[in-house]
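Source file: input_25.txt (compact mmCIF, C-alpha atoms and all ligand atoms)
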```txt
# COMPACT_ATOMS: atom_id res chain seq x y z
CA MET Y 1 14.31 -14.72 13.37
CA ALA Y 2 16.63 -11.82 14.29
CA ALA Y 3 15.04 -8.82 16.03
CA SER Y 4 15.96 -6.69 13.03
CA THR Y 5 13.97 -8.98 10.70
CA LEU Y 6 10.32 -8.29 9.95
CA ARG Y 7 8.12 -10.96 8.39
CA ILE Y 8 5.51 -9.29 6.23
CA ALA Y 9 2.62 -10.77 4.25
CA LEU Y 10 1.22 -9.04 1.18
CA VAL Y 11 -2.33 -10.28 0.71
CA GLN Y 12 -3.41 -10.29 -2.92
CA MET Y 13 -7.06 -11.05 -2.22
CA ALA Y 14 -9.99 -11.59 -4.56
CA VAL Y 15 -12.47 -8.72 -4.24
CA GLY Y 16 -16.09 -9.07 -5.37
CA GLU Y 17 -19.30 -7.08 -5.28
CA VAL Y 18 -20.53 -8.17 -1.84
CA LYS Y 19 -18.93 -6.02 0.82
CA THR Y 20 -19.56 -8.37 3.76
CA LYS Y 21 -17.93 -11.22 1.82
CA ASN Y 22 -14.90 -9.06 0.99
CA VAL Y 23 -14.45 -8.08 4.63
CA ALA Y 24 -14.87 -11.70 5.80
CA ARG Y 25 -12.33 -12.87 3.22
CA ALA Y 26 -9.86 -10.21 4.38
CA VAL Y 27 -10.19 -11.40 7.99
CA GLN Y 28 -9.76 -15.04 6.92
CA LEU Y 29 -6.57 -14.20 4.99
CA ILE Y 30 -5.22 -12.13 7.90
CA LYS Y 31 -5.70 -15.22 10.08
CA GLU Y 32 -3.92 -17.41 7.51
CA ALA Y 33 -1.00 -14.97 7.17
CA ALA Y 34 -0.67 -14.66 10.96
CA GLY Y 35 -0.54 -18.48 11.05
CA GLY Y 36 2.29 -18.25 8.49
CA GLY Y 37 4.29 -16.16 10.96
CA ALA Y 38 3.66 -12.71 9.49
CA GLN Y 39 4.07 -9.87 11.99
CA MET Y 40 2.58 -7.31 9.61
CA ILE Y 41 -0.14 -8.07 7.06
CA VAL Y 42 -1.04 -5.73 4.21
CA LEU Y 43 -4.27 -5.74 2.19
CA PRO Y 44 -4.83 -4.29 -1.31
CA GLU Y 45 -6.29 -0.96 -2.38
CA CYS Y 46 -10.11 -1.09 -2.20
CA PHE Y 47 -10.29 -4.44 -0.43
CA ASN Y 48 -13.95 -4.00 0.54
CA SER Y 49 -15.24 -2.70 -2.80
CA PRO Y 50 -14.73 -3.22 -6.52
CA TYR Y 51 -12.44 -0.46 -7.83
CA GLY Y 52 -14.39 2.25 -9.68
CA THR Y 53 -15.93 5.68 -9.23
CA THR Y 54 -19.47 4.29 -9.48
CA HIS Y 55 -18.74 1.91 -6.59
CA PHE Y 56 -16.98 4.28 -4.16
CA PRO Y 57 -20.09 6.16 -2.86
CA LYS Y 58 -21.95 2.87 -2.33
CA TYR Y 59 -19.17 1.18 -0.34
CA ALA Y 60 -17.89 4.24 1.55
CA GLU Y 61 -17.76 4.24 5.36
CA ASP Y 62 -16.82 6.49 8.24
CA ILE Y 63 -13.37 5.97 9.76
CA PRO Y 64 -13.22 4.91 12.49
CA GLY Y 65 -16.55 3.20 13.06
CA GLY Y 66 -17.35 1.73 9.64
CA GLU Y 67 -17.74 -2.05 9.46
CA SER Y 68 -14.62 -2.68 7.34
CA THR Y 69 -12.14 -0.86 9.55
CA VAL Y 70 -13.78 -2.20 12.73
CA ALA Y 71 -13.17 -5.70 11.32
CA LEU Y 72 -9.50 -4.81 10.71
CA ARG Y 73 -9.12 -3.45 14.25
CA ASP Y 74 -10.64 -6.63 15.71
CA ALA Y 75 -8.53 -8.92 13.48
CA ALA Y 76 -5.29 -7.11 14.40
CA LYS Y 77 -6.12 -7.59 18.08
CA LYS Y 78 -7.37 -11.17 17.79
CA PHE Y 79 -4.37 -12.41 15.82
CA GLY Y 80 -1.80 -10.15 17.53
CA VAL Y 81 -0.43 -8.59 14.34
CA PHE Y 82 -0.03 -5.23 12.63
CA VAL Y 83 -2.60 -4.79 9.85
CA VAL Y 84 -2.24 -2.28 7.03
CA GLY Y 85 -5.75 -2.11 5.67
CA GLY Y 86 -5.07 -1.51 1.96
CA SER Y 87 -7.74 1.07 1.39
CA VAL Y 88 -11.48 1.63 1.59
CA PRO Y 89 -13.62 4.46 0.27
CA GLU Y 90 -13.98 6.78 3.28
CA ARG Y 91 -16.94 9.09 3.84
CA ASP Y 92 -16.28 12.29 5.79
CA GLY Y 93 -19.25 14.66 5.68
CA ASP Y 94 -20.04 15.20 2.00
CA LYS Y 95 -16.55 14.18 0.85
CA LEU Y 96 -15.12 10.81 -0.15
CA PHE Y 97 -11.48 9.79 0.18
CA ASN Y 98 -9.46 6.69 -0.74
CA THR Y 99 -8.07 5.81 2.68
CA CYS Y 100 -5.66 3.35 4.27
CA THR Y 101 -5.80 2.60 8.01
CA VAL Y 102 -3.11 0.86 10.06
CA TRP Y 103 -3.90 -1.16 13.20
CA GLY Y 104 -1.62 -2.40 15.97
CA PRO Y 105 -1.86 -5.68 17.91
CA GLN Y 106 -3.71 -3.93 20.75
CA GLY Y 107 -6.39 -2.80 18.29
CA ASN Y 108 -5.09 0.78 18.25
CA MET Y 109 -5.18 2.84 15.04
CA LEU Y 110 -1.58 3.77 14.24
CA ALA Y 111 -2.13 5.73 11.04
CA LYS Y 112 -4.65 6.88 8.47
CA HIS Y 113 -3.47 7.83 4.97
CA ARG Y 114 -5.73 9.55 2.46
CA LYS Y 115 -4.50 9.06 -1.13
CA ILE Y 116 -2.70 12.26 -2.03
CA HIS Y 117 -2.50 11.93 -5.82
CA LEU Y 118 -5.83 11.14 -7.47
CA PHE Y 119 -5.73 8.78 -10.44
CA ASP Y 120 -6.84 10.91 -13.39
CA ILE Y 121 -5.43 9.58 -16.66
CA ASN Y 122 -6.33 9.33 -20.34
CA VAL Y 123 -4.50 6.78 -22.46
CA PRO Y 124 -6.48 6.95 -25.74
CA GLY Y 125 -7.85 3.59 -26.85
CA SER Y 126 -6.87 1.92 -23.56
CA ILE Y 127 -8.01 3.57 -20.37
CA VAL Y 128 -9.65 6.74 -19.15
CA PHE Y 129 -10.07 7.10 -15.40
CA ARG Y 130 -10.97 10.10 -13.25
CA GLU Y 131 -10.93 9.48 -9.51
CA SER Y 132 -11.39 13.21 -9.01
CA ASP Y 133 -14.97 12.87 -10.37
CA CYS Y 134 -15.92 11.59 -6.93
CA LEU Y 135 -12.91 11.58 -4.58
CA THR Y 136 -11.12 14.34 -2.71
CA ALA Y 137 -7.34 14.17 -2.35
CA GLY Y 138 -5.56 13.86 1.00
CA ASN Y 139 -2.92 16.45 1.86
CA THR Y 140 -0.59 14.71 4.27
CA PRO Y 141 2.30 12.27 3.91
CA THR Y 142 1.79 9.45 6.44
CA THR Y 143 4.34 7.43 8.41
CA PHE Y 144 4.06 5.06 11.36
CA ASP Y 145 6.52 3.17 13.53
CA LEU Y 146 7.07 -0.52 14.17
CA PRO Y 147 9.75 -1.75 16.57
CA HIS Y 148 11.73 -2.66 13.41
CA CYS Y 149 11.52 0.58 11.45
CA LYS Y 150 9.55 3.61 10.33
CA ILE Y 151 7.18 2.94 7.43
CA GLY Y 152 5.80 5.32 4.78
CA LEU Y 153 2.40 4.87 3.12
CA GLY Y 154 1.11 5.64 -0.36
CA ILE Y 155 -1.89 4.41 -2.31
CA CYS Y 156 -1.44 3.23 -5.90
CA TYR Y 157 -1.03 6.36 -8.08
CA ASP Y 158 0.95 7.90 -5.15
CA MET Y 159 3.77 5.52 -6.22
CA ARG Y 160 4.29 7.53 -9.44
CA PHE Y 161 5.41 10.57 -7.45
CA SER Y 162 9.05 10.14 -6.46
CA GLU Y 163 8.93 13.24 -4.22
CA LEU Y 164 6.63 11.49 -1.74
CA ALA Y 165 8.96 8.50 -1.48
CA ASN Y 166 11.95 10.84 -1.15
CA ILE Y 167 10.22 12.64 1.72
CA TYR Y 168 9.58 9.31 3.46
CA SER Y 169 13.21 8.33 3.09
CA LYS Y 170 14.27 11.73 4.43
CA LEU Y 171 11.97 11.16 7.43
CA GLY Y 172 13.82 7.90 8.15
CA CYS Y 173 11.55 5.24 6.61
CA LYS Y 174 13.14 1.92 5.67
CA LEU Y 175 9.99 0.42 4.18
CA LEU Y 176 7.37 1.95 1.88
CA LEU Y 177 4.01 0.27 1.28
CA TYR Y 178 1.79 0.95 -1.71
CA PRO Y 179 -1.56 -0.87 -1.74
CA GLY Y 180 -2.54 -0.41 -5.39
CA ALA Y 181 -4.59 -1.62 -8.30
CA PHE Y 182 -2.74 -0.98 -11.54
CA ASN Y 183 -4.59 -2.20 -14.63
CA MET Y 184 -3.90 -4.27 -17.76
CA THR Y 185 -2.44 -1.23 -19.59
CA THR Y 186 -0.25 0.44 -16.98
CA GLY Y 187 0.45 -2.70 -14.92
CA PRO Y 188 2.74 -4.52 -17.36
CA ALA Y 189 4.36 -1.24 -18.41
CA HIS Y 190 4.99 0.48 -15.09
CA TRP Y 191 4.12 -1.43 -11.87
CA GLU Y 192 7.42 -3.21 -11.25
CA LEU Y 193 9.50 -0.44 -12.82
CA LEU Y 194 8.06 2.21 -10.48
CA GLN Y 195 8.41 -0.06 -7.45
CA ARG Y 196 12.04 -0.83 -8.18
CA ALA Y 197 12.76 2.83 -8.92
CA ARG Y 198 11.30 3.99 -5.59
CA ALA Y 199 13.31 1.26 -3.79
CA LEU Y 200 16.59 2.07 -5.49
CA ASP Y 201 16.30 5.86 -5.26
CA ASN Y 202 15.64 5.72 -1.55
CA GLN Y 203 17.44 2.50 -0.57
CA VAL Y 204 14.33 1.16 1.12
CA TYR Y 205 12.19 -1.96 0.91
CA VAL Y 206 9.07 -1.31 -1.17
CA GLY Y 207 5.94 -3.49 -1.06
CA THR Y 208 3.05 -3.34 -3.53
CA ILE Y 209 -0.28 -5.03 -2.80
CA SER Y 210 -2.91 -5.52 -5.51
CA PRO Y 211 -6.29 -7.19 -5.55
CA ALA Y 212 -6.31 -10.51 -7.45
CA ARG Y 213 -7.28 -10.22 -11.11
CA ASP Y 214 -10.98 -10.58 -11.90
CA THR Y 215 -11.50 -10.62 -15.65
CA SER Y 216 -15.27 -10.18 -15.23
CA SER Y 217 -14.85 -6.84 -13.46
CA SER Y 218 -15.13 -3.44 -15.19
CA TYR Y 219 -11.61 -2.54 -13.97
CA ILE Y 220 -9.18 -5.45 -14.30
CA ALA Y 221 -6.31 -5.38 -11.82
CA TRP Y 222 -2.79 -6.38 -12.87
CA GLY Y 223 -1.96 -8.30 -9.67
CA HIS Y 224 1.76 -9.08 -9.20
CA SER Y 225 1.96 -7.98 -5.56
CA SER Y 226 5.66 -7.90 -4.74
CA MET Y 227 8.43 -6.95 -2.36
CA VAL Y 228 11.53 -5.19 -3.67
CA SER Y 229 14.76 -4.82 -1.68
CA PRO Y 230 16.83 -1.64 -1.15
CA TRP Y 231 19.18 -3.05 -3.82
CA GLY Y 232 16.30 -2.86 -6.31
CA GLU Y 233 15.72 -6.61 -6.59
CA VAL Y 234 12.31 -8.31 -6.55
CA VAL Y 235 12.61 -10.61 -3.51
CA SER Y 236 9.06 -12.06 -3.44
CA THR Y 237 6.24 -11.88 -5.93
CA CYS Y 238 3.23 -13.67 -7.42
CA GLU Y 239 1.15 -13.75 -10.58
CA ALA Y 240 -2.45 -12.53 -10.93
CA GLU Y 241 -4.49 -14.94 -8.81
CA GLU Y 242 -5.27 -14.78 -5.10
CA ALA Y 243 -2.06 -15.29 -3.09
CA ILE Y 244 -0.23 -14.42 0.11
CA VAL Y 245 3.29 -13.17 -0.63
CA TYR Y 246 5.64 -13.48 2.36
CA ALA Y 247 8.93 -11.62 2.73
CA ASP Y 248 11.46 -11.46 5.56
CA LEU Y 249 12.81 -7.91 5.64
CA ASP Y 250 16.29 -7.48 7.12
CA MET Y 251 16.76 -3.95 8.43
CA ASP Y 252 20.52 -4.53 8.79
CA TYR Y 253 20.61 -5.04 5.02
CA VAL Y 254 19.12 -1.55 4.52
CA ALA Y 255 22.03 -0.12 6.49
CA LYS Y 256 24.53 -2.21 4.49
CA VAL Y 257 23.22 -0.99 1.13
CA ARG Y 258 23.25 2.62 2.37
CA GLN Y 259 26.84 2.21 3.55
CA MET Y 260 28.08 0.67 0.29
CA ILE Y 261 26.48 3.28 -1.98
CA PRO Y 262 25.90 6.31 0.26
CA VAL Y 263 23.70 8.38 -2.07
CA LEU Y 264 21.42 9.40 0.80
CA THR Y 265 24.24 11.22 2.54
CA GLN Y 266 25.73 12.49 -0.70
CA LYS Y 267 22.75 14.70 -1.56
CA ARG Y 268 23.80 18.21 -2.60
CA ASN Y 269 21.47 20.17 -0.35
CA ASP Y 270 23.55 23.23 -1.18
CA VAL Y 271 22.40 22.83 -4.82
CA TYR Y 272 18.83 21.52 -4.38
CA GLU Y 273 16.56 20.64 -1.49
CA LEU Y 274 13.37 18.69 -0.91
CA THR Y 275 10.84 20.14 1.54
CA THR Y 276 7.36 19.16 2.67
CA LYS Y 277 4.62 21.70 3.32
CA THR Y 278 2.64 19.67 5.86
O1 LIG Y 301 -0.95 4.69 -12.01
C1 LIG Y 301 -1.56 3.77 -12.53
O2 LIG Y 301 -1.26 3.34 -13.63
C2 LIG Y 301 -2.71 3.11 -11.85
C3 LIG Y 301 -3.17 3.89 -10.67
C4 LIG Y 301 -4.39 3.37 -10.06
O3 LIG Y 301 -4.99 2.44 -10.50
C5 LIG Y 301 -4.86 3.98 -8.83
O4 LIG Y 301 -4.32 5.01 -8.40
O5 LIG Y 301 -5.80 3.45 -8.22
```

Output the file's structure as structure tokens, nothing else.
Amino acid sequence: MAASTLRIALVQMAVGEVKTKNVARAVQLIKEAAGGGAQMIVLPECFNSPYGTTHFPKYAEDIPGGESTVALRDAAKKFGVFVVGGSVPERDGDKLFNTCTVWGPQGNMLAKHRKIHLFDINVPGSIVFRESDCLTAGNTPTTFDLPHCKIGLGICYDMRFSELANIYSKLGCKLLLYPGAFNMTTGPAHWELLQRARALDNQVYVGTISPARDTSSSYIAWGHSSMVSPWGEVVSTCEAEEAIVYADLDMDYVAKVRQMIPVLTQKRNDVYELTTKT
């Protein structure tokens, strides 16, 4: 594989009620994906806990130090891979966050992203959800570097906010990752559309990583973890069941797309400008 190519695995894992089983399953799938040649392995949002405001306080942990992120650190080191740990409910004093950690092959923590946009929606007759009933929002866009490229992180609802993706592109990211758990209402309507939009607007690869669908759970995830190219095409995907989705990302292709349609250098910063406050 060329040095500019990154093999990534999106792990659409089944998540149940028993935290220790979820963590053990995550480690097992990291091992399997490393065996499949993945250099970076990404888990879904809330991989250690069912998704829901009643569950978050029960499954929350300190970071670093909590059992779930310690297991990710150890797995990254043992299998010699980068691990993007989807998310876990994080406890910090009396506050809870929805937090993604990233681990390098030496077991070093490369990044920690706290979900910036909390998922508070009301679609009458379909779904009401209020993460802000128990979570606090993060305030900081998060990037980290691999030898191949800079990567920007968002969690689920963060994908709806184009400004965050635009900031990441402006900072030089060529890949955006969104561990997420869309549902049976917003999943079919918006999941792929948002992912392709973020990819096309910013001429970046965009990966989404969902838990597998569990129809017995109170919140039913849409699944369909996928990788989209900077051209806006879905290059790897799956359905709703547990799966590992592999994709070989060619960073030279990002440059090619940006050269052919140079929207990123054609911005009219004399007319409008995007700025970040942190
Ligand atoms: O935006 C959506 O439709 C789903 C978002 C979500 O499930 C989340 O932020 O966890």

For ligand LIG 301 (chain Y), list the contacting residues at 8 Å or closer, counting all atoms listed in the file, as a PDB file with C-alpha atoms, in the coordinates of the input.
```
ATOM      1  CA  GLU Y  45      -6.290  -0.960  -2.380  1.00  0.00           C
ATOM      2  CA  TYR Y  51     -12.440  -0.460  -7.830  1.00  0.00           C
ATOM      3  CA  HIS Y 117      -2.500  11.930  -5.820  1.00  0.00           C
ATOM      4  CA  LEU Y 118      -5.830  11.140  -7.470  1.00  0.00           C
ATOM      5  CA  PHE Y 119      -5.730   8.780 -10.440  1.00  0.00           C
ATOM      6  CA  ILE Y 155      -1.890   4.410  -2.310  1.00  0.00           C
ATOM      7  CA  CYS Y 156      -1.440   3.230  -5.900  1.00  0.00           C
ATOM      8  CA  TYR Y 157      -1.030   6.360  -8.080  1.00  0.00           C
ATOM      9  CA  ASP Y 158       0.950   7.900  -5.150  1.00  0.00           C
ATOM     10  CA  MET Y 159       3.770   5.520  -6.220  1.00  0.00           C
ATOM     11  CA  ARG Y 160       4.290   7.530  -9.440  1.00  0.00           C
ATOM     12  CA  GLY Y 180      -2.540  -0.410  -5.390  1.00  0.00           C
ATOM     13  CA  ALA Y 181      -4.590  -1.620  -8.300  1.00  0.00           C
ATOM     14  CA  PHE Y 182      -2.740  -0.980 -11.540  1.00  0.00           C
ATOM     15  CA  ASN Y 183      -4.590  -2.200 -14.630  1.00  0.00           C
ATOM     16  CA  THR Y 185      -2.440  -1.230 -19.590  1.00  0.00           C
ATOM     17  CA  THR Y 186      -0.250   0.440 -16.980  1.00  0.00           C
ATOM     18  CA  GLY Y 187       0.450  -2.700 -14.920  1.00  0.00           C
ATOM     19  CA  HIS Y 190       4.990   0.480 -15.090  1.00  0.00           C
ATOM     20  CA  TRP Y 191       4.120  -1.430 -11.870  1.00  0.00           C
TER      21      TRP Y 191
END
```

message: Rounded to one decimal, what separation in Å do you get between atom CA of Asn202 of chain Y and atom CA of Arg7 of chain Y?
response: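 Separation of atom CA of Asn202 of chain Y and atom CA of Arg7 of chain Y: 20.8 Å.
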
query: Please, what distance in Å, to one decimal, runs between atom CA of Trp231 of chain Y and atom CA of Asp248 of chain Y?
result: 14.8 Å

Contacts of Gly172 of chain Y within 10 Å, only C-alpha atoms, excl. fewer than 6 positions in-chain, as number ranges by chain: Y: 143, 149-152, 166, 204

- request: Anything within 10 Å of (9.5, 11.1, -1.4): list those residues as a list in words, counting only C-alpha atoms and sticking to the file's coordinates.
  value: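 All residues meeting the 10 Å criterion around (9.5, 11.1, -1.4) are Pro141, Gly152, Asp158, Met159, Phe161, Ser162, Glu163, Leu164, Ala165, Asn166, Ile167, Tyr168, Ser169, Lys170, Leu171, Leu176, Arg198, Asp201, Asn202, Leu274, Thr275 and Thr276 of chain Y.
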
task: Would you work out the distance separating atom CA of Lys267 of chain Y from atom CA of Asp250 of chain Y, expressed in Å to one decimal?
output: 24.7 Å

Using the incomplete input, complete segment 110-146 of chain Y to the level of N, CA and C atoms; output as a PDB file, in the coordinates of the input.
```pdb
ATOM      1  N   LEU Y 110      -2.913   3.158  14.251  1.00  0.00           N
ATOM      2  CA  LEU Y 110      -1.580   3.770  14.240  1.00  0.00           C
ATOM      3  C   LEU Y 110      -1.451   4.859  13.182  1.00  0.00           C
ATOM      4  N   ALA Y 111      -2.252   4.754  12.124  1.00  0.00           N
ATOM      5  CA  ALA Y 111      -2.130   5.730  11.040  1.00  0.00           C
ATOM      6  C   ALA Y 111      -3.365   5.688  10.155  1.00  0.00           C
ATOM      7  N   LYS Y 112      -3.570   6.806   9.466  1.00  0.00           N
ATOM      8  CA  LYS Y 112      -4.650   6.880   8.470  1.00  0.00           C
ATOM      9  C   LYS Y 112      -4.110   7.722   7.316  1.00  0.00           C
ATOM     10  N   HIS Y 113      -4.003   7.118   6.137  1.00  0.00           N
ATOM     11  CA  HIS Y 113      -3.470   7.830   4.970  1.00  0.00           C
ATOM     12  C   HIS Y 113      -4.567   8.016   3.929  1.00  0.00           C
ATOM     13  N   ARG Y 114      -4.808   9.265   3.560  1.00  0.00           N
ATOM     14  CA  ARG Y 114      -5.730   9.550   2.460  1.00  0.00           C
ATOM     15  C   ARG Y 114      -4.914   9.754   1.190  1.00  0.00           C
ATOM     16  N   LYS Y 115      -5.243   8.992   0.146  1.00  0.00           N
ATOM     17  CA  LYS Y 115      -4.500   9.060  -1.130  1.00  0.00           C
ATOM     18  C   LYS Y 115      -4.299  10.513  -1.528  1.00  0.00           C
ATOM     19  N   ILE Y 116      -3.045  10.858  -1.779  1.00  0.00           N
ATOM     20  CA  ILE Y 116      -2.700  12.260  -2.030  1.00  0.00           C
ATOM     21  C   ILE Y 116      -2.857  12.615  -3.518  1.00  0.00           C
ATOM     22  N   HIS Y 117      -2.461  11.670  -4.371  1.00  0.00           N
ATOM     23  CA  HIS Y 117      -2.500  11.930  -5.820  1.00  0.00           C
ATOM     24  C   HIS Y 117      -3.661  11.136  -6.419  1.00  0.00           C
ATOM     25  N   LEU Y 118      -4.671  11.841  -6.902  1.00  0.00           N
ATOM     26  CA  LEU Y 118      -5.830  11.140  -7.470  1.00  0.00           C
ATOM     27  C   LEU Y 118      -5.495  10.643  -8.874  1.00  0.00           C
ATOM     28  N   PHE Y 119      -6.041   9.484  -9.193  1.00  0.00           N
ATOM     29  CA  PHE Y 119      -5.730   8.780 -10.440  1.00  0.00           C
ATOM     30  C   PHE Y 119      -6.633   9.320 -11.562  1.00  0.00           C
ATOM     31  N   ASP Y 120      -6.130  10.319 -12.251  1.00  0.00           N
ATOM     32  CA  ASP Y 120      -6.840  10.910 -13.390  1.00  0.00           C
ATOM     33  C   ASP Y 120      -5.941  10.725 -14.613  1.00  0.00           C
ATOM     34  N   ILE Y 121      -6.277   9.777 -15.478  1.00  0.00           N
ATOM     35  CA  ILE Y 121      -5.430   9.580 -16.660  1.00  0.00           C
ATOM     36  C   ILE Y 121      -6.290   9.375 -17.900  1.00  0.00           C
ATOM     37  N   ASN Y 122      -5.657   9.564 -19.058  1.00  0.00           N
ATOM     38  CA  ASN Y 122      -6.330   9.330 -20.340  1.00  0.00           C
ATOM     39  C   ASN Y 122      -5.295   8.756 -21.305  1.00  0.00           C
ATOM     40  N   VAL Y 123      -5.367   7.437 -21.480  1.00  0.00           N
ATOM     41  CA  VAL Y 123      -4.500   6.780 -22.460  1.00  0.00           C
ATOM     42  C   VAL Y 123      -5.425   6.374 -23.611  1.00  0.00           C
ATOM     43  N   PRO Y 124      -5.471   7.174 -24.691  1.00  0.00           N
ATOM     44  CA  PRO Y 124      -6.480   6.950 -25.740  1.00  0.00           C
ATOM     45  C   PRO Y 124      -6.479   5.513 -26.251  1.00  0.00           C
ATOM     46  N   GLY Y 125      -7.694   4.955 -26.342  1.00  0.00           N
ATOM     47  CA  GLY Y 125      -7.850   3.590 -26.850  1.00  0.00           C
ATOM     48  C   GLY Y 125      -7.647   2.532 -25.776  1.00  0.00           C
ATOM     49  N   SER Y 126      -7.143   2.921 -24.599  1.00  0.00           N
ATOM     50  CA  SER Y 126      -6.870   1.920 -23.560  1.00  0.00           C
ATOM     51  C   SER Y 126      -7.632   2.189 -22.275  1.00  0.00           C
ATOM     52  N   ILE Y 127      -7.366   3.331 -21.655  1.00  0.00           N
ATOM     53  CA  ILE Y 127      -8.010   3.570 -20.370  1.00  0.00           C
ATOM     54  C   ILE Y 127      -8.162   5.061 -20.063  1.00  0.00           C
ATOM     55  N   VAL Y 128      -9.383   5.401 -19.666  1.00  0.00           N
ATOM     56  CA  VAL Y 128      -9.650   6.740 -19.150  1.00  0.00           C
ATOM     57  C   VAL Y 128     -10.159   6.533 -17.732  1.00  0.00           C
ATOM     58  N   PHE Y 129      -9.604   7.238 -16.777  1.00  0.00           N
ATOM     59  CA  PHE Y 129     -10.070   7.100 -15.400  1.00  0.00           C
ATOM     60  C   PHE Y 129      -9.961   8.443 -14.719  1.00  0.00           C
ATOM     61  N   ARG Y 130     -10.993   8.799 -13.942  1.00  0.00           N
ATOM     62  CA  ARG Y 130     -10.970  10.100 -13.250  1.00  0.00           C
ATOM     63  C   ARG Y 130     -11.460   9.925 -11.817  1.00  0.00           C
ATOM     64  N   GLU Y 131     -10.544   9.596 -10.923  1.00  0.00           N
ATOM     65  CA  GLU Y 131     -10.930   9.480  -9.510  1.00  0.00           C
ATOM     66  C   GLU Y 131     -11.485  10.795  -8.979  1.00  0.00           C
ATOM     67  N   SER Y 132     -10.974  11.906  -9.544  1.00  0.00           N
ATOM     68  CA  SER Y 132     -11.390  13.210  -9.010  1.00  0.00           C
ATOM     69  C   SER Y 132     -12.864  13.518  -9.316  1.00  0.00           C
ATOM     70  N   ASP Y 133     -13.521  12.703 -10.161  1.00  0.00           N
ATOM     71  CA  ASP Y 133     -14.970  12.870 -10.370  1.00  0.00           C
ATOM     72  C   ASP Y 133     -15.725  12.637  -9.060  1.00  0.00           C
ATOM     73  N   CYS Y 134     -15.165  11.809  -8.176  1.00  0.00           N
ATOM     74  CA  CYS Y 134     -15.920  11.590  -6.930  1.00  0.00           C
ATOM     75  C   CYS Y 134     -15.072  11.634  -5.668  1.00  0.00           C
ATOM     76  N   LEU Y 135     -13.752  11.582  -5.792  1.00  0.00           N
ATOM     77  CA  LEU Y 135     -12.910  11.580  -4.580  1.00  0.00           C
ATOM     78  C   LEU Y 135     -12.257  12.933  -4.348  1.00  0.00           C
ATOM     79  N   THR Y 136     -11.916  13.173  -3.099  1.00  0.00           N
ATOM     80  CA  THR Y 136     -11.120  14.340  -2.710  1.00  0.00           C
ATOM     81  C   THR Y 136      -9.731  13.828  -2.331  1.00  0.00           C
ATOM     82  N   ALA Y 137      -8.712  14.605  -2.639  1.00  0.00           N
ATOM     83  CA  ALA Y 137      -7.340  14.170  -2.350  1.00  0.00           C
ATOM     84  C   ALA Y 137      -6.962  14.466  -0.897  1.00  0.00           C
ATOM     85  N   GLY Y 138      -6.164  13.588  -0.301  1.00  0.00           N
ATOM     86  CA  GLY Y 138      -5.560  13.860   1.000  1.00  0.00           C
ATOM     87  C   GLY Y 138      -4.415  14.849   0.827  1.00  0.00           C
ATOM     88  N   ASN Y 139      -3.960  15.411   1.937  1.00  0.00           N
ATOM     89  CA  ASN Y 139      -2.920  16.450   1.860  1.00  0.00           C
ATOM     90  C   ASN Y 139      -1.691  16.142   2.691  1.00  0.00           C
ATOM     91  N   THR Y 140      -1.631  14.934   3.271  1.00  0.00           N
ATOM     92  CA  THR Y 140      -0.590  14.710   4.270  1.00  0.00           C
ATOM     93  C   THR Y 140       0.173  13.418   4.031  1.00  0.00           C
ATOM     94  N   PRO Y 141       1.506  13.498   3.914  1.00  0.00           N
ATOM     95  CA  PRO Y 141       2.300  12.270   3.910  1.00  0.00           C
ATOM     96  C   PRO Y 141       2.098  11.545   5.250  1.00  0.00           C
ATOM     97  N   THR Y 142       2.128  10.205   5.229  1.00  0.00           N
ATOM     98  CA  THR Y 142       1.790   9.450   6.440  1.00  0.00           C
ATOM     99  C   THR Y 142       2.862   8.414   6.746  1.00  0.00           C
ATOM    100  N   THR Y 143       3.395   8.464   7.973  1.00  0.00           N
ATOM    101  CA  THR Y 143       4.340   7.430   8.410  1.00  0.00           C
ATOM    102  C   THR Y 143       3.839   6.839   9.725  1.00  0.00           C
ATOM    103  N   PHE Y 144       4.316   5.646  10.040  1.00  0.00           N
ATOM    104  CA  PHE Y 144       4.060   5.060  11.360  1.00  0.00           C
ATOM    105  C   PHE Y 144       5.263   4.195  11.733  1.00  0.00           C
ATOM    106  N   ASP Y 145       5.335   3.870  13.029  1.00  0.00           N
ATOM    107  CA  ASP Y 145       6.520   3.170  13.530  1.00  0.00           C
ATOM    108  C   ASP Y 145       6.204   1.764  14.007  1.00  0.00           C
ATOM    109  N   LEU Y 146       7.054   0.825  13.596  1.00  0.00           N
ATOM    110  CA  LEU Y 146       7.070  -0.520  14.170  1.00  0.00           C
ATOM    111  C   LEU Y 146       8.354  -0.610  14.991  1.00  0.00           C
TER     112      LEU Y 146
END
```
